[in-house]
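Read the structure below first, then the notes.
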Amino acid sequence: MTSRSPSGYGTFSAPDELTANAEGVTGTHAHQSTSQLSASSSIEVTVMARQGDDRESADVKSPDAVALNEAIEHEHALAFWEAVKLYPTAVAWSAFVSIGVIMLAFDPQIVGNMFAIPQFKKDFGVEHPNGQFVIPAKWQTGLSLGNPLGQVVGALFSAYPMERYGRKWTFFACVALTAGLVFIQFFARSLQALLVGELLGGLVLGCFVVIGPTYASEVCPMALRGYLTSYTNLCFVTGQLLGNGVTAGTQTLNNHWAYSIPFALQWFWVLIIIPGVFFIPESPWWLVRRGQHEEARNSLRRLASKKVNIDATLAIIAETDRLELEMEAGSTYMDTIKGVNLRRTEIATGVYTTQVLSGIYLINYGTYFFQQAGLPDEDAFYLGIGFLAVGWVSTVISWSFIAQFGRRRIFNIGLSFCVILMFIIGILDTIPGRPSGVAWAESSLMLVWNGVYDLSVGPVTFVVLSECSATRVRSKTIAVATAIQAVVGIVMTVAIPYMINPDEANLQGKLGYYFGGLGSLCLVWSYFRVPETKGRTYEELDILFDRKVPARQFKTYQIEGANDAAHS
């Protein structure tokens with residue numbers, strides 16, 4: 001590893017045009033540096049301006065480190081509402097790009113609800129011995145596989161265009177492709193045609209879950225990082241809630257519009273996104289890594305108010321990128337599992353996979369689950385809406401918890417309650433004779449479970465996912481985590497229809513034992529492995545991981561100055 005300067009952070013790498021007086025408020029990513037920079041403002045440094053694979057060096061003056069240090073400390077103290085006032089466009093564009101996640105969540109939710117729509121079951125299903133029509137479990141599995149399979153392939157693929165063409169144009173391409181592929185779903189009149197539409201659509205939709213969190217983490221200040229990255233979970237819940245609402249409204253129709261309307265409404269998101277996508281500011285982090293410093297400066301000006309010191313922001317982005325180069329952090333998929341990045345990728349993958357193992361995939365089958373639990377069709381649909389409405393409100397409430405208590409504590413406590421609730425649901429389903437009130441009790445507890453999940457595990461996952469990945473491989477780390485989570489999701493997608501279908505295992509509420517057990521294993525892992533990342537800059541997180549600080553010590557570990565920071 002490259003040796004460092006006495007300060008512990010090496011020389012300050014920044015192009016001459018990035019030197020700043022650091023007066024006023026630091027910019028969108030001043031938080032990407034630690035509060036201990038070189039104390040000299042006149043030392044000669046080497047600049048590495050990346051132009052593809054080519055690099056050139058030039059001796060330049062470092063910024064006024066003392067003033068810059070004050071600006072970084074101001075960033076640490078920046079309050080939520082002050083940050084919103086300083087970065088209103090960053091908040092708006094982050095929310096805009098995250099609409100893609102709503103599209104991603106909407107599609108599997110309407111497909112899962114199709115299995116409970118009478119007209120869809122009549123047109124595509126087979127008649128059950130009791131006279132009811134049922135979609136065979138193998139076709140439920142096949143149709144439901146489109147989204148998780150897409151997340152595997154799409155997520156891994158998306159990192160390449162994101163690094164080559166940027167976040168903005170990759171997002172545009174995915175939206176345009178989605179618009180075309182919806183035609184297959186809309187005009188499908190056989191399970192085979194619908195399966196093709198779901199598989200192809202899933203490949204593109206899988207890219208959105210990488211683009212959204214990556215963009216949010218690269219355009220917002222530290223004070224907003226937890227809010228805007230956890231907003232991804234709100235977008236998931238919003239898409240699911242809208243999917244439930246739409247199918248509840250169309251399920252009483254006695255023709256193909258009962259399922260065609262939900263598919264057609266996916267074009268609504270395309271119409272919203274396409275006009276605005278041309279005005280999205282590109283990620284300044286991506287631009288700096290490509291050596292496009294002037295373009296990065298222009299992007300930062302569009303993301304922040306005039307009170308923000310853009311030059312200081314840009315210099316610190318370059319310094320964080322330099323530090324990761326010094327730590328030998330590359331930018332390929334192999335680099336996500338090399339050295340210290342292996343631990344970071346494990347954490348990102350672990351928290352994301354915990355979502356699946358704790359039972360979140362039951363949401364896609366929520367209405368169908370309620371039906372199989374014994375509720376009437378109409379009650380099942382309306383309870384499905386209430387199920388996700390609780391999740392939506394809980395996600396919004398979670399923002400205050402994340403800001404106050406951090407990540408690790410909320411994740412572990414929330415997961416503990418989710419595990420307990422699952423076991424209670426399983427116990428209720430094993431009551432001899434299965435009293436009539438058990439169905440409502442199980443369904444009500446699922447509502448509570450979803451509320452707890454969206455207060456904790458759901459939103460915190462996306463915060464940890466973005467904060468634990470190194471900046472140079474963030475998109476690829478998120479892609480790897482998404483792909484592995486989706487592989488586990490595929491297993492669940494295959495298993496759940498067979499576990500809840502009346503002509504198969506018909507487990508009903510006994511699924512609580514299954515997910516309670518898996519959730520318990522995840523809880524043990526998260527206690528020892530999930531760190532507290534609240535209040536840490538990206539550069540501070542680089543140093544903590546590089547020093548192999550145990551997860552339980554992240555919150556209290558002090559990054560000292562000159563003597564202690566020296567590292568070999």
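Identifiers in this document derive from the order of the structure tokens: chains are assigned A, B, ..., residues are numbered from 1 separately in each chain, and ligands are numbered from 1 in order of occurrence.
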
Need the shell around segment 204-215 of chain A: protein/DNA/RNA residues with any atom at most 8 Å away, counting only C-alpha atoms. Skip same-chain ones fewer than 4 positions apart. Format as a VMD selection string?
chain A and resid 94 97 to 98 100 to 101 103 to 104 147 to 148 150 to 155 157 to 159 162 167 171 174 177 to 178 200 219 229 232 283 462 466 474 to 475 478 to 479 482

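The interatomic distance for the pair atom CA of Asn244 of chain A and atom CA of Gly516 of chain A works out to 25.3 Å.
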
Find the residues near Asn255 of chain A: any atom within 10 Å, counting only C-alpha atoms, skip ones fewer than 4 places away on the same chain, and give them as a ChimeraX atom specification.
/A:118-120,122-123,250-251,259-260

Could you check the closest approach to Thr533 of chain A for each of A:Tyr498, A:Phe515, A:Phe124, A:Phe405 and tell me which residue wins, using only C-alpha atoms?
A:Phe405

Please identify which residues in segment 356-459 of chain A DSSP calls helix (DSSP H, G or I) from the backbone, and express them as an MDAnalysis selection string.
chainID A and resid 356:357 360:372 377:405 408:429 438:455 457:459

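The interatomic distance for the pair atom CA of Ala304 of chain A and atom CA of Val237 of chain A works out to 28.5 Å.
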
Can you work out which one of A:Val393, A:Cys468, A:Leu228, A:Ile427 has the shortest atom-to-atom distance to Tyr87 of chain A, counting only C-alpha atoms?
A:Leu228

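For the residues A:Thr320, A:Ile310, A:Asn298, A:Ile135, ranking by smallest atom-to-atom distance to Thr471 of chain A using only C-alpha atoms places A:Thr320 first.
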
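Atom pair atom CA of Ile110 of chain A / atom CA of Leu195 of chain A has a distance of 13.8 Å (rounded to one decimal).
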
For Arg343 of chain A, which residue among A:Ala176, A:Gln185, A:Pro497, A:Ala470 is the nearest when counting only C-alpha atoms?
A:Ala470

So that I can check the surroundings of segment 518-524 of chain A, please list as number ranges by chain every protein, DNA and RNA residue that reaches within 8 Å of it, counting only C-alpha atoms and ignoring chain neighbours fewer than 5 positions away.
A: 354, 357-359, 412, 415-416, 418-419

Could you take the residues named above and write them with C-alpha atoms, as a PDB file, in the first residue's frame?
```pdb
ATOM      1  CA  THR A 354     -31.978 -10.050   5.028  1.00  0.00           C
ATOM      2  CA  LEU A 357     -35.042 -13.933   4.271  1.00  0.00           C
ATOM      3  CA  SER A 358     -37.138 -12.051   6.836  1.00  0.00           C
ATOM      4  CA  GLY A 359     -40.270 -12.416   4.661  1.00  0.00           C
ATOM      5  CA  ASN A 412     -31.193  -5.045  14.688  1.00  0.00           C
ATOM      6  CA  LEU A 415     -35.390  -7.347  12.753  1.00  0.00           C
ATOM      7  CA  SER A 416     -35.845  -8.803  16.253  1.00  0.00           C
ATOM      8  CA  CYS A 418     -40.069  -9.024  12.786  1.00  0.00           C
ATOM      9  CA  VAL A 419     -38.776 -12.451  13.837  1.00  0.00           C
TER      10      VAL A 419
END
```

Looking at only C-alpha atoms, which of A:Val126, A:Phe96, A:Ile425, A:Leu507 is the one that sits closest to Ile272 of chain A?
A:Phe96

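Counting only C-alpha atoms, Leu465 of chain A has the following residues at most 8 Å away, ignoring those fewer than 3 positions along the same chain: Ile347, Ala348, Thr349, Val351, Tyr352, Thr461, Phe462, Cys468, Ser469 and Ile478 of chain A.
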
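Taking only C-alpha atoms, the non-local environment of Gln240 of chain A within 10 Å (same-chain residues fewer than 4 positions away omitted) comprises A:Ile102, A:Met103, A:Leu104, A:Ala105, A:Phe106, A:Asp107, A:Pro108, A:Gln109, A:Ile110, A:Leu234, A:Cys235, A:Phe236, A:Asn244, A:Gly245, A:Val246, A:Ile363, A:Asn364, A:Gly384, A:Ile385, A:Phe387, A:Leu388, A:Ala389, A:Gly391, A:Trp392.
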
Just checking: using only C-alpha atoms, which residue out of A:Ile99, A:Val356, A:Leu191, A:Val390 ends up closest to Trp269 of chain A?
A:Ile99

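The residue set within 12 Å of Gly249 of chain A, counting only C-alpha atoms and dropping same-chain residues fewer than 5 places from it, reads Ile110, Asn113, Ile117, Leu242, Gly243, Asn244, Trp257, Ala258, Tyr259, Ile261, Pro262, Glu378, Phe381, Tyr382 and Ile385 of chain A.
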